[in-house]
$ cat model-v8.cif   # mmCIF, C-alpha atoms, pLDDT in the B column; chains and numbers go by the auth columns
data_structure
loop_
_atom_site.group_PDB
_atom_site.id
_atom_site.type_symbol
_atom_site.label_atom_id
_atom_site.label_comp_id
_atom_site.label_asym_id
_atom_site.label_seq_id
_atom_site.Cartn_x
_atom_site.Cartn_y
_atom_site.Cartn_z
_atom_site.B_iso_or_equiv
_atom_site.auth_seq_id
_atom_site.auth_asym_id
ATOM 1 C CA MET A 1 6.096 -19.716 -11.689 38.00 1 A
ATOM 2 C CA SER A 2 3.355 -22.337 -11.842 40.00 2 A
ATOM 3 C CA VAL A 3 3.024 -24.672 -14.788 38.00 3 A
ATOM 4 C CA TYR A 4 -0.378 -26.023 -15.741 34.00 4 A
ATOM 5 C CA THR A 5 -1.277 -28.700 -18.260 33.00 5 A
ATOM 6 C CA VAL A 6 -4.569 -28.101 -20.048 31.00 6 A
ATOM 7 C CA LYS A 7 -6.502 -30.002 -22.672 33.00 7 A
ATOM 8 C CA VAL A 8 -7.328 -27.789 -25.641 33.00 8 A
ATOM 9 C CA ILE A 9 -9.581 -29.309 -28.342 37.00 9 A
ATOM 10 C CA GLY A 10 -8.228 -32.820 -28.206 38.00 10 A
ATOM 11 C CA HIS A 11 -4.555 -32.115 -27.447 36.00 11 A
ATOM 12 C CA THR A 12 -2.603 -31.339 -24.294 38.00 12 A
ATOM 13 C CA ARG A 13 -0.692 -28.090 -23.848 31.00 13 A
ATOM 14 C CA THR A 14 1.529 -26.716 -21.087 35.00 14 A
ATOM 15 C CA ILE A 15 0.919 -23.122 -20.047 32.00 15 A
ATOM 16 C CA LYS A 16 3.251 -21.206 -17.767 37.00 16 A
ATOM 17 C CA ASP A 17 0.986 -19.162 -15.534 47.00 17 A
ATOM 18 C CA THR A 18 2.257 -15.784 -14.480 44.00 18 A
ATOM 19 C CA MET A 19 -1.269 -14.584 -13.855 56.00 19 A
ATOM 20 C CA ILE A 20 -0.463 -15.179 -10.247 72.00 20 A
ATOM 21 C CA ALA A 21 1.105 -11.721 -10.615 79.00 21 A
ATOM 22 C CA TYR A 22 -1.657 -10.142 -8.510 85.00 22 A
ATOM 23 C CA TYR A 23 -1.009 -12.543 -5.674 85.00 23 A
ATOM 24 C CA GLU A 24 2.779 -12.245 -5.914 84.00 24 A
ATOM 25 C CA PHE A 25 2.746 -8.440 -6.108 88.00 25 A
ATOM 26 C CA THR A 26 0.362 -7.970 -3.176 92.00 26 A
ATOM 27 C CA LYS A 27 2.243 -10.569 -1.113 92.00 27 A
ATOM 28 C CA ASP A 28 5.619 -8.925 -1.843 91.00 28 A
ATOM 29 C CA LEU A 29 4.286 -5.472 -0.956 95.00 29 A
ATOM 30 C CA ASN A 30 2.584 -6.870 2.160 96.00 30 A
ATOM 31 C CA ASP A 31 5.827 -8.555 3.292 95.00 31 A
ATOM 32 C CA PHE A 32 7.790 -5.351 2.724 95.00 32 A
ATOM 33 C CA LEU A 33 5.310 -3.282 4.747 97.00 33 A
ATOM 34 C CA GLN A 34 5.106 -5.889 7.532 97.00 34 A
ATOM 35 C CA ALA A 35 8.882 -5.548 7.931 97.00 35 A
ATOM 36 C CA ASP A 36 8.753 -1.725 8.064 97.00 36 A
ATOM 37 C CA GLU A 37 9.448 -0.472 11.586 97.00 37 A
ATOM 38 C CA ASP A 38 6.818 2.278 11.241 98.00 38 A
ATOM 39 C CA ILE A 39 3.949 -0.103 10.376 98.00 39 A
ATOM 40 C CA ASN A 40 2.235 -2.374 12.886 96.00 40 A
ATOM 41 C CA SER A 41 -0.228 -4.191 10.626 95.00 41 A
ATOM 42 C CA VAL A 42 -1.145 -4.551 6.942 96.00 42 A
ATOM 43 C CA LYS A 43 -4.379 -5.489 5.182 95.00 43 A
ATOM 44 C CA ILE A 44 -5.116 -6.162 1.533 93.00 44 A
ATOM 45 C CA GLY A 45 -8.574 -5.121 0.342 91.00 45 A
ATOM 46 C CA GLY A 46 -11.200 -2.548 1.192 85.00 46 A
ATOM 47 C CA ILE A 47 -10.610 -0.244 4.149 79.00 47 A
ATOM 48 C CA ASP A 48 -14.282 -0.612 5.077 75.00 48 A
ATOM 49 C CA GLU A 49 -13.515 -4.166 6.231 72.00 49 A
ATOM 50 C CA VAL A 50 -10.984 -2.964 8.834 74.00 50 A
ATOM 51 C CA ASP A 51 -11.865 -2.618 12.528 72.00 51 A
ATOM 52 C CA ILE A 52 -10.759 1.021 12.839 67.00 52 A
ATOM 53 C CA LYS A 53 -11.722 1.041 16.553 69.00 53 A
ATOM 54 C CA LYS A 54 -9.015 -1.544 17.274 75.00 54 A
ATOM 55 C CA GLN A 55 -6.131 0.663 18.377 75.00 55 A
ATOM 56 C CA THR A 56 -3.561 -2.148 18.361 80.00 56 A
ATOM 57 C CA ILE A 57 -3.509 -2.275 14.534 90.00 57 A
ATOM 58 C CA PHE A 58 -1.964 1.198 14.194 93.00 58 A
ATOM 59 C CA PRO A 59 0.210 2.393 12.492 96.00 59 A
ATOM 60 C CA PHE A 60 -1.643 0.615 9.709 95.00 60 A
ATOM 61 C CA ALA A 61 -1.168 0.062 5.948 97.00 61 A
ATOM 62 C CA ASN A 62 -3.866 -0.939 3.474 96.00 62 A
ATOM 63 C CA ILE A 63 -3.173 -2.226 -0.048 97.00 63 A
ATOM 64 C CA LEU A 64 -5.993 -1.993 -2.576 96.00 64 A
ATOM 65 C CA VAL A 65 -5.725 -2.945 -6.238 96.00 65 A
ATOM 66 C CA THR A 66 -8.461 -0.905 -7.914 96.00 66 A
ATOM 67 C CA ASN A 67 -8.008 -1.910 -11.559 95.00 67 A
ATOM 68 C CA ALA A 68 -6.139 -4.272 -13.873 93.00 68 A
ATOM 69 C CA GLU A 69 -5.578 -3.629 -17.550 93.00 69 A
ATOM 70 C CA PHE A 70 -4.052 -6.120 -19.980 88.00 70 A
ATOM 71 C CA VAL A 71 -1.474 -4.339 -22.141 85.00 71 A
ATOM 72 C CA GLU A 72 0.885 -6.015 -24.678 84.00 72 A
ATOM 73 C CA GLY A 73 2.548 -8.734 -22.625 83.00 73 A
ATOM 74 C CA MET A 74 1.843 -7.212 -19.223 87.00 74 A
ATOM 75 C CA VAL A 75 -0.820 -6.506 -16.656 89.00 75 A
ATOM 76 C CA ARG A 76 -1.075 -2.890 -15.505 93.00 76 A
ATOM 77 C CA PHE A 77 -2.377 -2.595 -11.944 94.00 77 A
ATOM 78 C CA ASP A 78 -3.756 0.576 -10.381 97.00 78 A
ATOM 79 C CA VAL A 79 -2.824 0.343 -6.706 97.00 79 A
ATOM 80 C CA GLU A 80 -3.759 2.479 -3.719 97.00 80 A
ATOM 81 C CA LEU A 81 -1.520 2.208 -0.687 97.00 81 A
ATOM 82 C CA SER A 82 -2.905 3.956 2.390 97.00 82 A
ATOM 83 C CA VAL A 83 -0.810 4.321 5.532 97.00 83 A
ATOM 84 C CA MET A 84 -2.177 5.867 8.698 96.00 84 A
ATOM 85 C CA ASP A 85 -1.941 6.272 12.441 96.00 85 A
ATOM 86 C CA ILE A 86 -4.185 7.494 15.256 94.00 86 A
ATOM 87 C CA VAL A 87 -3.938 11.205 16.070 93.00 87 A
ATOM 88 C CA ASP A 88 -3.143 11.787 19.722 89.00 88 A
ATOM 89 C CA ILE A 89 -4.745 15.051 20.863 81.00 89 A
ATOM 90 C CA ARG A 90 -2.958 16.822 23.685 71.00 90 A
ATOM 91 C CA LYS A 91 -4.853 18.078 26.666 67.00 91 A
ATOM 92 C CA ASP A 92 -2.339 20.951 27.301 59.00 92 A
ATOM 93 C CA ASN A 93 -3.271 24.536 26.692 55.00 93 A
ATOM 94 C CA GLU A 94 -1.735 25.612 23.350 54.00 94 A
ATOM 95 C CA ASP A 95 -0.903 29.072 24.759 54.00 95 A
ATOM 96 C CA VAL A 96 1.707 27.592 27.107 52.00 96 A
ATOM 97 C CA LEU A 97 3.453 25.458 24.481 52.00 97 A
ATOM 98 C CA PRO A 98 6.960 26.536 23.319 56.00 98 A
ATOM 99 C CA GLY A 99 7.260 27.995 19.778 53.00 99 A
ATOM 100 C CA ASP A 100 8.056 24.764 17.890 57.00 100 A
ATOM 101 C CA GLU A 101 5.314 22.896 19.721 58.00 101 A
ATOM 102 C CA ARG A 102 2.806 25.653 18.894 51.00 102 A
ATOM 103 C CA PHE A 103 3.622 25.156 15.181 54.00 103 A
ATOM 104 C CA LYS A 104 2.880 21.449 15.459 55.00 104 A
ATOM 105 C CA GLY A 105 -0.441 22.118 17.179 65.00 105 A
ATOM 106 C CA GLN A 106 -2.158 20.241 19.964 75.00 106 A
ATOM 107 C CA ASP A 107 -1.800 16.839 18.375 84.00 107 A
ATOM 108 C CA ASN A 108 0.737 14.690 16.546 91.00 108 A
ATOM 109 C CA THR A 109 -0.736 15.097 13.049 93.00 109 A
ATOM 110 C CA GLN A 110 2.473 16.649 11.652 93.00 110 A
ATOM 111 C CA ASP A 111 4.550 13.795 13.060 94.00 111 A
ATOM 112 C CA ILE A 112 2.189 11.184 11.618 96.00 112 A
ATOM 113 C CA LEU A 113 2.139 12.829 8.180 97.00 113 A
ATOM 114 C CA ASN A 114 5.939 13.002 8.178 97.00 114 A
ATOM 115 C CA THR A 115 6.406 9.369 9.254 98.00 115 A
ATOM 116 C CA MET A 116 3.725 7.934 6.973 98.00 116 A
ATOM 117 C CA LEU A 117 5.085 9.852 3.968 98.00 117 A
ATOM 118 C CA SER A 118 8.447 8.193 4.692 98.00 118 A
ATOM 119 C CA VAL A 119 6.720 4.784 4.630 98.00 119 A
ATOM 120 C CA ILE A 120 5.182 5.640 1.237 97.00 120 A
ATOM 121 C CA GLU A 121 8.562 6.786 -0.081 96.00 121 A
ATOM 122 C CA ARG A 122 10.267 3.571 1.054 96.00 122 A
ATOM 123 C CA ALA A 123 7.519 1.454 -0.554 96.00 123 A
ATOM 124 C CA VAL A 124 7.788 3.374 -3.842 95.00 124 A
ATOM 125 C CA LYS A 125 11.566 2.911 -3.849 93.00 125 A
ATOM 126 C CA HIS A 126 11.122 -0.776 -3.052 90.00 126 A
ATOM 127 C CA ILE A 127 8.834 -1.190 -6.065 89.00 127 A
ATOM 128 C CA SER A 128 10.957 0.879 -8.448 87.00 128 A
ATOM 129 C CA LYS A 129 14.491 -0.019 -7.306 84.00 129 A
ATOM 130 C CA GLY A 130 14.306 -2.804 -4.725 70.00 130 A
ATOM 131 C CA THR A 131 13.450 -6.474 -4.772 66.00 131 A
ATOM 132 C CA LEU A 132 10.098 -5.795 -6.397 64.00 132 A
ATOM 133 C CA ALA A 133 11.935 -4.142 -9.295 62.00 133 A
ATOM 134 C CA ASP A 134 14.102 -7.277 -9.468 68.00 134 A
ATOM 135 C CA ALA A 135 10.847 -9.220 -9.925 68.00 135 A
ATOM 136 C CA ALA A 136 10.276 -7.174 -13.118 77.00 136 A
ATOM 137 C CA TYR A 137 7.612 -4.936 -11.585 83.00 137 A
ATOM 138 C CA GLU A 138 7.787 -1.544 -13.233 88.00 138 A
ATOM 139 C CA LEU A 139 6.385 1.525 -11.503 91.00 139 A
ATOM 140 C CA GLN A 140 4.838 3.720 -14.198 92.00 140 A
ATOM 141 C CA SER A 141 3.589 6.581 -12.034 92.00 141 A
ATOM 142 C CA HIS A 142 2.808 7.474 -8.459 94.00 142 A
ATOM 143 C CA SER A 143 1.487 10.324 -6.361 96.00 143 A
ATOM 144 C CA ALA A 144 0.489 10.717 -2.731 97.00 144 A
ATOM 145 C CA GLU A 145 -2.263 12.676 -1.012 97.00 145 A
ATOM 146 C CA PRO A 146 -2.463 13.400 2.725 97.00 146 A
ATOM 147 C CA PHE A 147 -5.649 12.879 4.721 95.00 147 A
ATOM 148 C CA VAL A 148 -7.031 13.511 8.190 94.00 148 A
ATOM 149 C CA VAL A 149 -10.349 11.728 8.781 89.00 149 A
ATOM 150 C CA ARG A 150 -12.551 10.948 11.729 82.00 150 A
ATOM 151 C CA PHE A 151 -13.902 7.448 12.090 75.00 151 A
ATOM 152 C CA GLU A 152 -14.230 6.085 15.613 75.00 152 A
ATOM 153 C CA ASN A 153 -10.673 7.451 15.935 82.00 153 A
ATOM 154 C CA LEU A 154 -9.109 10.531 14.359 90.00 154 A
ATOM 155 C CA LEU A 155 -6.685 9.195 11.739 93.00 155 A
ATOM 156 C CA ALA A 156 -4.000 10.906 9.672 96.00 156 A
ATOM 157 C CA GLY A 157 -1.842 9.567 6.888 97.00 157 A
ATOM 158 C CA TRP A 158 -1.276 9.350 3.152 97.00 158 A
ATOM 159 C CA THR A 159 -2.757 7.490 0.227 97.00 159 A
ATOM 160 C CA ALA A 160 -0.384 6.766 -2.630 97.00 160 A
ATOM 161 C CA SER A 161 -1.840 6.047 -6.054 97.00 161 A
ATOM 162 C CA MET A 162 0.459 3.935 -8.204 97.00 162 A
ATOM 163 C CA VAL A 163 0.408 2.347 -11.630 96.00 163 A
ATOM 164 C CA VAL A 164 2.518 -0.813 -11.723 94.00 164 A
ATOM 165 C CA ASP A 165 3.245 -2.963 -14.797 91.00 165 A
ATOM 166 C CA ILE A 166 3.888 -6.661 -14.274 87.00 166 A
ATOM 167 C CA PRO A 167 4.924 -9.064 -17.054 82.00 167 A
ATOM 168 C CA ASN A 168 2.161 -11.308 -18.309 77.00 168 A
ATOM 169 C CA ASN A 169 3.567 -14.397 -19.980 68.00 169 A
ATOM 170 C CA VAL A 170 0.342 -16.362 -20.173 65.00 170 A
ATOM 171 C CA GLN A 171 0.385 -18.036 -23.554 52.00 171 A
ATOM 172 C CA ASN A 172 -2.602 -17.705 -25.836 54.00 172 A
ATOM 173 C CA CYS A 173 -4.423 -20.991 -26.386 49.00 173 A
#
$ encode --input "model-v8.cif" --output "structure tokens"
Amino acid sequence: MSVYTVKVIGHTRTIKDTMIAYYEFTKDLNDFLQADEDINSVKIGGIDEVDIKKQTIFPFANILVTNAEFVEGMVRFDVELSVMDIVDIRKDNEDVLPGDERFKGQDNTQDILNTMLSVIERAVKHISKGTLADAAYELQSHSAEPFVVRFENLLAGWTASMVVDIPNNVQNC
């Protein structure tokens, strides 16, 4: 926790700044995802700033804080966590694939959705019960939605929407 000294109308006051909560939360979540064996790279910010053509970044996670609301001693962040990988389309003829392979189709979309949902689940548990919970972050709600989209590459994955409360101990001046 940082401590700042400020001059307020002729007198000096010390303020403990926990408004670095945004930075700490995104850094903690970034570090957790960087350590996940199913993620190769992580970015914080808009997905439109990512070089989607660069295949070495996948599997990829993107953290985006979309809103902050100040509520009675806390900051409530709306967070979107997107995790994705490149779909590998098989060149085989689907008619010759064995039964289980026919169910999965001619690409690895099912595998990607399964793996990326596991990444989301681990991140949610980390926030609600892991070291992020120890940092007094409180997960209020979460949901996840699958996607398959074509950019320069065909990508599949999940976007989790979360509401996270973080203590705000900034003193009023």
$ resolve_selection --input "model-v8.cif" --expression "the PyMOL selection byres ((chain A and resi 152-166) around 6)" --output "number ranges by chain"
A: 53, 74-87, 113, 116, 137-151, 167
$ closest_residue --input "model-v8.cif" --among "A:Lys125, A:Ile89, A:Asp28, A:Asn168" --to "Glu72 (chain A)" --atoms "only C-alpha atoms"
A:Asn168
$ closest_residue --input "model-v8.cif" --among "A:Val42, A:Asp88, A:Phe32, A:Asn62" --to "Asp111 (chain A)" --atoms "all atoms listed in the file"
A:Asp88
$ closest_residue --input "model-v8.cif" --among "A:Gly45, A:Asp107, A:Arg122, A:Glu69" --to "Thr26 (chain A)" --atoms "only C-alpha atoms"
A:Gly45
$ atom_distance --input "model-v8.cif" --atom1 "CA of Val124 (chain A)" --atom2 "CA of Ile20 (chain A)"
21.3 Å
$ atom_distance --input "model-v8.cif" --atom1 "CA of Ala123 (chain A)" --atom2 "CA of Leu29 (chain A)"
7.7 Å
$ atom_distance --input "model-v8.cif" --atom1 "CA of Asp36 (chain A)" --atom2 "CA of Asn114 (chain A)"
15.0 Å
$ closest_residue --input "model-v8.cif" --among "A:Ala35, A:Ala21, A:Ala61, A:Ile47" --to "Ile120 (chain A)" --atoms "all atoms listed in the file"
A:Ala61
$ closest_residue --input "model-v8.cif" --among "A:Leu33, A:Asp51, A:Ile39, A:Ile112" --to "Ile127 (chain A)" --atoms "all atoms listed in the file"
A:Leu33
$ build_atoms --input "model-v8.cif" --residues "region 19-30 of chain A" --atoms "all heavy atoms" --output "mmCIF file, in the coordinates of the input"
data_model
loop_
_atom_site.group_PDB
_atom_site.id
_atom_site.type_symbol
_atom_site.label_atom_id
_atom_site.label_comp_id
_atom_site.auth_asym_id
_atom_site.auth_seq_id
_atom_site.Cartn_x
_atom_site.Cartn_y
_atom_site.Cartn_z
ATOM 1 N N MET A 19 -0.122 -15.359 -14.293
ATOM 2 C CA MET A 19 -1.269 -14.584 -13.855
ATOM 3 C C MET A 19 -1.437 -14.676 -12.346
ATOM 4 O O MET A 19 -2.422 -14.225 -11.804
ATOM 5 C CB MET A 19 -2.544 -15.026 -14.584
ATOM 6 C CG MET A 19 -2.630 -14.449 -15.978
ATOM 7 S SD MET A 19 -2.236 -12.677 -16.062
ATOM 8 C CE MET A 19 -3.446 -11.996 -14.968
ATOM 9 N N ILE A 20 -0.488 -15.265 -11.697
ATOM 10 C CA ILE A 20 -0.463 -15.179 -10.247
ATOM 11 C C ILE A 20 0.231 -13.868 -9.854
ATOM 12 O O ILE A 20 0.535 -13.639 -8.701
ATOM 13 C CB ILE A 20 0.229 -16.407 -9.604
ATOM 14 C CG1 ILE A 20 1.641 -16.563 -10.117
ATOM 15 C CG2 ILE A 20 -0.593 -17.655 -9.816
ATOM 16 C CD1 ILE A 20 2.435 -17.628 -9.398
ATOM 17 N N ALA A 21 0.435 -13.004 -10.837
ATOM 18 C CA ALA A 21 1.105 -11.721 -10.615
ATOM 19 C C ALA A 21 0.404 -10.898 -9.541
ATOM 20 O O ALA A 21 1.064 -10.275 -8.713
ATOM 21 C CB ALA A 21 1.187 -10.934 -11.914
ATOM 22 N N TYR A 22 -0.915 -10.889 -9.539
ATOM 23 C CA TYR A 22 -1.657 -10.142 -8.510
ATOM 24 C C TYR A 22 -1.276 -10.648 -7.127
ATOM 25 O O TYR A 22 -0.921 -9.880 -6.247
ATOM 26 C CB TYR A 22 -3.169 -10.281 -8.727
ATOM 27 C CG TYR A 22 -3.977 -9.759 -7.567
ATOM 28 C CD1 TYR A 22 -4.279 -8.403 -7.462
ATOM 29 C CD2 TYR A 22 -4.410 -10.610 -6.557
ATOM 30 C CE1 TYR A 22 -4.998 -7.923 -6.391
ATOM 31 C CE2 TYR A 22 -5.131 -10.128 -5.473
ATOM 32 C CZ TYR A 22 -5.425 -8.783 -5.396
ATOM 33 O OH TYR A 22 -6.127 -8.307 -4.317
ATOM 34 N N TYR A 23 -1.345 -11.943 -6.962
ATOM 35 C CA TYR A 23 -1.009 -12.543 -5.674
ATOM 36 C C TYR A 23 0.443 -12.247 -5.293
ATOM 37 O O TYR A 23 0.726 -11.831 -4.172
ATOM 38 C CB TYR A 23 -1.250 -14.053 -5.703
ATOM 39 C CG TYR A 23 -0.790 -14.730 -4.436
ATOM 40 C CD1 TYR A 23 -1.528 -14.634 -3.266
ATOM 41 C CD2 TYR A 23 0.399 -15.442 -4.405
ATOM 42 C CE1 TYR A 23 -1.104 -15.224 -2.099
ATOM 43 C CE2 TYR A 23 0.837 -16.044 -3.243
ATOM 44 C CZ TYR A 23 0.082 -15.928 -2.086
ATOM 45 O OH TYR A 23 0.522 -16.505 -0.928
ATOM 46 N N GLU A 24 1.365 -12.463 -6.218
ATOM 47 C CA GLU A 24 2.779 -12.245 -5.914
ATOM 48 C C GLU A 24 3.064 -10.782 -5.579
ATOM 49 O O GLU A 24 3.789 -10.482 -4.635
ATOM 50 C CB GLU A 24 3.653 -12.696 -7.081
ATOM 51 C CG GLU A 24 3.701 -14.203 -7.229
ATOM 52 C CD GLU A 24 4.514 -14.646 -8.437
ATOM 53 O OE1 GLU A 24 4.762 -13.827 -9.345
ATOM 54 O OE2 GLU A 24 4.881 -15.823 -8.455
ATOM 55 N N PHE A 25 2.504 -9.862 -6.359
ATOM 56 C CA PHE A 25 2.746 -8.440 -6.108
ATOM 57 C C PHE A 25 2.196 -8.022 -4.750
ATOM 58 O O PHE A 25 2.894 -7.401 -3.956
ATOM 59 C CB PHE A 25 2.125 -7.578 -7.210
ATOM 60 C CG PHE A 25 2.229 -6.108 -6.909
ATOM 61 C CD1 PHE A 25 3.444 -5.450 -7.056
ATOM 62 C CD2 PHE A 25 1.133 -5.393 -6.462
ATOM 63 C CE1 PHE A 25 3.562 -4.102 -6.753
ATOM 64 C CE2 PHE A 25 1.237 -4.042 -6.162
ATOM 65 C CZ PHE A 25 2.451 -3.399 -6.304
ATOM 66 N N THR A 26 0.937 -8.376 -4.459
ATOM 67 C CA THR A 26 0.362 -7.970 -3.176
ATOM 68 C C THR A 26 1.072 -8.642 -2.009
ATOM 69 O O THR A 26 1.266 -8.020 -0.961
ATOM 70 C CB THR A 26 -1.155 -8.256 -3.126
ATOM 71 O OG1 THR A 26 -1.401 -9.626 -3.432
ATOM 72 C CG2 THR A 26 -1.914 -7.355 -4.105
ATOM 73 N N LYS A 27 1.502 -9.887 -2.189
ATOM 74 C CA LYS A 27 2.243 -10.569 -1.113
ATOM 75 C C LYS A 27 3.600 -9.905 -0.890
ATOM 76 O O LYS A 27 3.997 -9.666 0.252
ATOM 77 C CB LYS A 27 2.430 -12.050 -1.435
ATOM 78 C CG LYS A 27 3.164 -12.800 -0.316
ATOM 79 C CD LYS A 27 3.369 -14.250 -0.632
ATOM 80 C CE LYS A 27 4.078 -15.009 0.464
ATOM 81 N NZ LYS A 27 5.066 -14.317 1.241
ATOM 82 N N ASP A 28 4.313 -9.588 -1.976
ATOM 83 C CA ASP A 28 5.619 -8.925 -1.843
ATOM 84 C C ASP A 28 5.482 -7.565 -1.154
ATOM 85 O O ASP A 28 6.268 -7.223 -0.267
ATOM 86 C CB ASP A 28 6.277 -8.738 -3.210
ATOM 87 C CG ASP A 28 6.792 -10.033 -3.805
ATOM 88 O OD1 ASP A 28 6.906 -11.030 -3.065
ATOM 89 O OD2 ASP A 28 7.073 -10.052 -5.015
ATOM 90 N N LEU A 29 4.487 -6.786 -1.567
ATOM 91 C CA LEU A 29 4.286 -5.472 -0.956
ATOM 92 C C LEU A 29 3.860 -5.617 0.502
ATOM 93 O O LEU A 29 4.344 -4.899 1.381
ATOM 94 C CB LEU A 29 3.259 -4.664 -1.748
ATOM 95 C CG LEU A 29 3.070 -3.207 -1.332
ATOM 96 C CD1 LEU A 29 4.392 -2.443 -1.303
ATOM 97 C CD2 LEU A 29 2.073 -2.519 -2.264
ATOM 98 N N ASN A 30 2.991 -6.586 0.785
ATOM 99 C CA ASN A 30 2.584 -6.870 2.160
ATOM 100 C C ASN A 30 3.799 -7.230 3.020
ATOM 101 O O ASN A 30 3.973 -6.695 4.123
ATOM 102 C CB ASN A 30 1.572 -8.016 2.176
ATOM 103 C CG ASN A 30 1.217 -8.442 3.576
ATOM 104 O OD1 ASN A 30 0.565 -7.719 4.313
ATOM 105 N ND2 ASN A 30 1.656 -9.639 3.959
#
